[in-house]
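Shown next, in structure tokens, is the structure this report addresses.
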Amino acid sequence: MSAEPTGQRAPGASAAVMIALFLIVGLASLILRLGGGGVLSASEIDLSHPTWTPTPTEERALDAVHGARLAAAPEDNAQVQELLDAYQAFNQADLRYDSNPRSTALADAKAEYEQRAITAIGFLGNAAYMGLGARIVRDYLAALERGTPEDLERLGGTFLTQARLTGLVSGQRNLRPGTERVIPAVFMARWAYAVNARVRSDQLLSQEEIHLLLRWKLTANPLVTAKRRRQIAKQLKASGTTFPVERALAARAADEGDWTTAARLYARIADDNPEDRSARATALYAQSKAQGVASAHEGARP
């Protein structure tokens with residue numbers, strides 16, 4: 001079952017098949033009764049992803065940060081132009097060598113760009129350096145709307161390719177619904193990472209950007225591995241977030257057919273919310289799927 005970029009999934013043919021399997025494999029769960037005497041039904045199964053996109057309050061904060069950065073952007077001078085030239089040379093090399101980490105020419109272009117960036121943040125300061133990045137983001141999004149490939153390559157290198165692979169941008173270069181705020185955050189994280197040897201990115205990005213990026217990676221980025229998602233989950237929990245981290249992990253595990261992990265996580269959610277009928281139904285369904293997978297593996301043994 002595929003996930004939309006916003007992490008929301010509408011019931012479709014595959015959902016119908018899953019529910020049918022629930023009725024076959026986990027029929028007993030339909031007659032299990034809650035403490036209050038209610039009967040659990042397949043319609044109460046909820047494998048959807050939690051919403052990771054920013055709240056209205058976060059949107060206002062993100063817009064305010066972007067506006068403040070643009071206001072702090074430096075005037076063009078020789079040193080700023082040197083950084084921009086090195087950045088654009090890196091983007092061109094990144095495209096030419098297809099982000100190949102073994103390319104010596106790409107490594108040299110990256111090293112030159114990062115050294116220029118580290119030098120620049122030293123004389124510009126954090127605010128003006130991030131302001132310059134915000135200006136590039138603004139120009140990049142304008143180029144994306146115009147559909148001018150040469151500007152997209154000059155300003156972003158392989159960023160568009162990565163945005164497509166992660167579901168943020170369609171094949172027609174259109175922003176997917178719900179990604180309007182995360183794309184600038186991803187871009188600014190990329191800009192901040194260039195000076196990581198001098199200033200940590202968490203000192204340059206706003207808390208709203210950091211939390212948004214973590215939620216997106218955990219919930220909707222298809223390239224993030226299960227191991228990395230567990231690390232992100234720990235970061236989010238440590239931040240004191242109210243985001244349902246366990247549910248996001250469970251939904252991703254279910255997407256990937258890891259029903260053992262999904263069953264464990266959904267069971268924990270159900271135990272923590274004993275009055276939530278949907279949580280219990282989902283946990284029972286995941287358990288039946290895990291048992292079915294285990295039985296299939298057992299039957300395949302010689």
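Order determines the names: the first chain of the structure tokens is A, the second B, and so forth; residues in each chain are numbered 1 upward, and ligands are numbered 1 upward as they are shown.
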
Within 8 Å of stretch 270-282 of chain A using only C-alpha atoms, minus same-chain residues under 6 positions, as a compact mmCIF listing (two decimals) with N, CA and C atoms, in the first residue's frame:
```
# COMPACT_ATOMS: atom_id res chain seq x y z
N SER A 29 -11.02 -12.39 16.00
CA SER A 29 -10.95 -11.07 16.64
C SER A 29 -12.26 -10.32 16.52
N LEU A 40 -15.62 -5.74 18.43
CA LEU A 40 -14.70 -5.10 17.50
C LEU A 40 -15.04 -5.48 16.07
N SER A 41 -14.92 -4.54 15.15
CA SER A 41 -15.21 -4.83 13.75
C SER A 41 -14.04 -4.41 12.87
N ALA A 42 -13.99 -5.01 11.67
CA ALA A 42 -12.91 -4.72 10.74
C ALA A 42 -12.90 -3.25 10.34
N GLU A 44 -13.02 -0.79 12.11
CA GLU A 44 -12.31 0.02 13.09
C GLU A 44 -10.79 -0.06 12.95
N ILE A 45 -10.32 -0.86 12.01
CA ILE A 45 -8.88 -0.96 11.77
C ILE A 45 -8.38 0.36 11.17
N ASP A 46 -7.30 0.87 11.72
CA ASP A 46 -6.75 2.14 11.24
C ASP A 46 -5.23 2.01 11.07
N LEU A 47 -4.79 1.85 9.83
CA LEU A 47 -3.37 1.75 9.51
C LEU A 47 -2.82 3.05 8.94
```

| Shell of 9 Å around A:Pro74, only C-alpha atoms, local chain residues under 3 positions omitted, as a list of chain:residue names | A:Leu70, A:Ala71, A:Asn77, A:Val80, A:Leu124, A:Ala128, A:Tyr129, A:Gly131, A:Leu132

Requested write-out: all heavy atoms of the selected residues, as a PDB file, in the first residue's frame:
```pdb
ATOM      1  N   LEU A  70      15.284  36.548   5.200  1.00  0.00           N
ATOM      2  CA  LEU A  70      15.390  37.371   3.995  1.00  0.00           C
ATOM      3  C   LEU A  70      15.795  38.803   4.347  1.00  0.00           C
ATOM      4  O   LEU A  70      16.579  39.429   3.627  1.00  0.00           O
ATOM      5  CB  LEU A  70      14.061  37.364   3.233  1.00  0.00           C
ATOM      6  CG  LEU A  70      13.703  36.072   2.484  1.00  0.00           C
ATOM      7  CD1 LEU A  70      12.317  36.190   1.861  1.00  0.00           C
ATOM      8  CD2 LEU A  70      14.741  35.767   1.400  1.00  0.00           C
ATOM      9  N   ALA A  71      15.258  39.290   5.458  1.00  0.00           N
ATOM     10  CA  ALA A  71      15.602  40.648   5.890  1.00  0.00           C
ATOM     11  C   ALA A  71      17.069  40.757   6.279  1.00  0.00           C
ATOM     12  O   ALA A  71      17.672  41.837   6.176  1.00  0.00           O
ATOM     13  CB  ALA A  71      14.713  41.061   7.060  1.00  0.00           C
ATOM     14  N   ASN A  77      28.678  41.063  -2.448  1.00  0.00           N
ATOM     15  CA  ASN A  77      30.020  41.633  -2.499  1.00  0.00           C
ATOM     16  C   ASN A  77      30.960  40.544  -2.994  1.00  0.00           C
ATOM     17  O   ASN A  77      30.520  39.446  -3.339  1.00  0.00           O
ATOM     18  CB  ASN A  77      30.458  42.175  -1.129  1.00  0.00           C
ATOM     19  CG  ASN A  77      30.391  41.110  -0.042  1.00  0.00           C
ATOM     20  OD1 ASN A  77      30.733  39.953  -0.269  1.00  0.00           O
ATOM     21  ND2 ASN A  77      29.953  41.509   1.149  1.00  0.00           N
ATOM     22  N   VAL A  80      30.731  37.223  -0.910  1.00  0.00           N
ATOM     23  CA  VAL A  80      29.459  36.530  -1.116  1.00  0.00           C
ATOM     24  C   VAL A  80      29.436  35.894  -2.499  1.00  0.00           C
ATOM     25  O   VAL A  80      28.996  34.745  -2.669  1.00  0.00           O
ATOM     26  CB  VAL A  80      28.273  37.504  -0.947  1.00  0.00           C
ATOM     27  CG1 VAL A  80      26.974  36.864  -1.455  1.00  0.00           C
ATOM     28  CG2 VAL A  80      28.126  37.916   0.508  1.00  0.00           C
ATOM     29  N   LEU A 124      30.122  36.760   7.756  1.00  0.00           N
ATOM     30  CA  LEU A 124      28.739  37.223   7.654  1.00  0.00           C
ATOM     31  C   LEU A 124      27.999  37.116   8.986  1.00  0.00           C
ATOM     32  O   LEU A 124      27.143  37.942   9.310  1.00  0.00           O
ATOM     33  CB  LEU A 124      27.980  36.401   6.612  1.00  0.00           C
ATOM     34  CG  LEU A 124      28.310  36.618   5.139  1.00  0.00           C
ATOM     35  CD1 LEU A 124      27.535  35.609   4.279  1.00  0.00           C
ATOM     36  CD2 LEU A 124      27.985  38.041   4.709  1.00  0.00           C
ATOM     37  N   ALA A 128      23.031  36.326   8.693  1.00  0.00           N
ATOM     38  CA  ALA A 128      23.201  36.728   7.300  1.00  0.00           C
ATOM     39  C   ALA A 128      23.489  35.518   6.415  1.00  0.00           C
ATOM     40  O   ALA A 128      23.020  35.451   5.263  1.00  0.00           O
ATOM     41  CB  ALA A 128      24.324  37.755   7.174  1.00  0.00           C
ATOM     42  N   TYR A 129      24.251  34.548   6.942  1.00  0.00           N
ATOM     43  CA  TYR A 129      24.529  33.333   6.156  1.00  0.00           C
ATOM     44  C   TYR A 129      23.232  32.592   5.847  1.00  0.00           C
ATOM     45  O   TYR A 129      22.986  32.191   4.698  1.00  0.00           O
ATOM     46  CB  TYR A 129      25.498  32.416   6.909  1.00  0.00           C
ATOM     47  CG  TYR A 129      25.714  31.092   6.211  1.00  0.00           C
ATOM     48  CD1 TYR A 129      26.567  31.001   5.114  1.00  0.00           C
ATOM     49  CD2 TYR A 129      25.050  29.941   6.631  1.00  0.00           C
ATOM     50  CE1 TYR A 129      26.750  29.790   4.458  1.00  0.00           C
ATOM     51  CE2 TYR A 129      25.231  28.733   5.989  1.00  0.00           C
ATOM     52  CZ  TYR A 129      26.082  28.664   4.899  1.00  0.00           C
ATOM     53  OH  TYR A 129      26.255  27.462   4.243  1.00  0.00           O
ATOM     54  N   GLY A 131      20.341  33.930   5.873  1.00  0.00           N
ATOM     55  CA  GLY A 131      19.567  34.827   5.021  1.00  0.00           C
ATOM     56  C   GLY A 131      19.904  34.628   3.557  1.00  0.00           C
ATOM     57  O   GLY A 131      19.024  34.664   2.686  1.00  0.00           O
ATOM     58  N   LEU A 132      21.199  34.425   3.266  1.00  0.00           N
ATOM     59  CA  LEU A 132      21.607  34.151   1.892  1.00  0.00           C
ATOM     60  C   LEU A 132      20.987  32.846   1.417  1.00  0.00           C
ATOM     61  O   LEU A 132      20.524  32.743   0.271  1.00  0.00           O
ATOM     62  CB  LEU A 132      23.134  34.079   1.812  1.00  0.00           C
ATOM     63  CG  LEU A 132      23.733  33.865   0.423  1.00  0.00           C
ATOM     64  CD1 LEU A 132      23.320  34.970  -0.540  1.00  0.00           C
ATOM     65  CD2 LEU A 132      25.265  33.766   0.524  1.00  0.00           C
TER      66      LEU A 132
END
```

| task | May I have the residues within 10 Å of A:Gly147 as JSON, numbers by chain, using only C-alpha atoms and disregarding those fewer than 5 positions away in the same chain? | result | {"A": [141, 142, 152, 172, 173, 174]}

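Taking atom CA of A:Leu213 and atom CA of A:Ala189 as the two end points, the separation is 8.9 Å.
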
I'd like a table as CSV: residues in stretch 110-196 of chain A with an atom no more than 10 Å from stretch 89-102 of chain A, each row giving the shortest atom pair and its distance in Å to one decimal, only C-alpha atoms counted, sorted by chain and rising residue number.
```
residue,atom,partner,partner_atom,distance
A:Lys110,CA,A:Phe90,CA,5.6
A:Ala111,CA,A:Phe90,CA,8.8
A:Glu112,CA,A:Phe90,CA,8.1
A:Tyr113,CA,A:Phe90,CA,6.5
A:Glu114,CA,A:Phe90,CA,9.4
A:Leu152,CA,A:Asn91,CA,9.7
A:Glu153,CA,A:Asn91,CA,6.7
A:Arg154,CA,A:Asn91,CA,6.3
A:Leu155,CA,A:Asn91,CA,7.2
A:Gly156,CA,A:Asn91,CA,6.3
A:Gly157,CA,A:Asn91,CA,4.0
A:Thr158,CA,A:Leu95,CA,5.8
A:Phe159,CA,A:Asn91,CA,8.9
A:Thr161,CA,A:Leu95,CA,9.7
```

Dump C-alpha atoms for the selected residues as an mmCIF file, in the first residue's frame?
```
data_model
loop_
_atom_site.group_PDB
_atom_site.id
_atom_site.type_symbol
_atom_site.label_atom_id
_atom_site.label_comp_id
_atom_site.auth_asym_id
_atom_site.auth_seq_id
_atom_site.Cartn_x
_atom_site.Cartn_y
_atom_site.Cartn_z
ATOM 1 C CA LYS A 110 32.148 19.940 -2.559
ATOM 2 C CA ALA A 111 35.248 20.653 -0.493
ATOM 3 C CA GLU A 112 35.717 24.018 -2.221
ATOM 4 C CA TYR A 113 32.078 24.965 -1.649
ATOM 5 C CA GLU A 114 32.092 23.931 2.000
ATOM 6 C CA LEU A 152 16.920 24.825 -11.073
ATOM 7 C CA GLU A 153 20.254 23.178 -11.866
ATOM 8 C CA ARG A 154 22.261 26.287 -11.024
ATOM 9 C CA LEU A 155 20.474 26.924 -7.727
ATOM 10 C CA GLY A 156 19.791 23.380 -6.574
ATOM 11 C CA GLY A 157 21.897 20.823 -8.414
ATOM 12 C CA THR A 158 20.324 17.412 -7.801
ATOM 13 C CA PHE A 159 17.838 18.803 -5.282
ATOM 14 C CA THR A 161 15.858 14.704 -8.281
#
```

| task | Would you kindly return, as a PyMOL selection string, each protein, DNA or RNA residue with an atom no farther than 7 Å from any atom of A:Ala283, considering only C-alpha atoms and excluding same-chain residues fewer than 6 positions away? | result | chain A and resi 263+266-267+270

| message | One number please: atom CA of A:Thr57 to atom CA of A:Arg181, in Å, one decimal. | response |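 Separation of atom CA of A:Thr57 and atom CA of A:Arg181: 12.6 Å.
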
| field | Spatial neighbours of A:Ala290, max dist 6 Å, only C-alpha atoms, sep filter under 2 positions, as a count of residues only | value | 6

| query | How would you write, as a ChimeraX atom specification, the set of residues in stretch 71-239 of chain A that DSSP gives as alpha helix (DSSP H)? | reply | /A:71-72,78-96,104-124,126-146,149-156,159-165,182-193,207-219,226-238

| query | Skipping near chain neighbours, those fewer than 2 positions away, what residues fall within 10 Å of A:His211 using only C-alpha atoms, listed as number ranges by chain? | reply | A: 52, 54, 58, 206-209, 213-217, 235-236, 239, 241, 243

| field | Length of the atom CA of A:Arg164 to atom CA of A:Asp255 vector [Å] | value | 19.7 Å

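Take the candidates A:Met130, A:Val65, A:Ala286, A:Leu165 and check each one against A:Val199 using only C-alpha atoms; the shortest distance goes to A:Met130.
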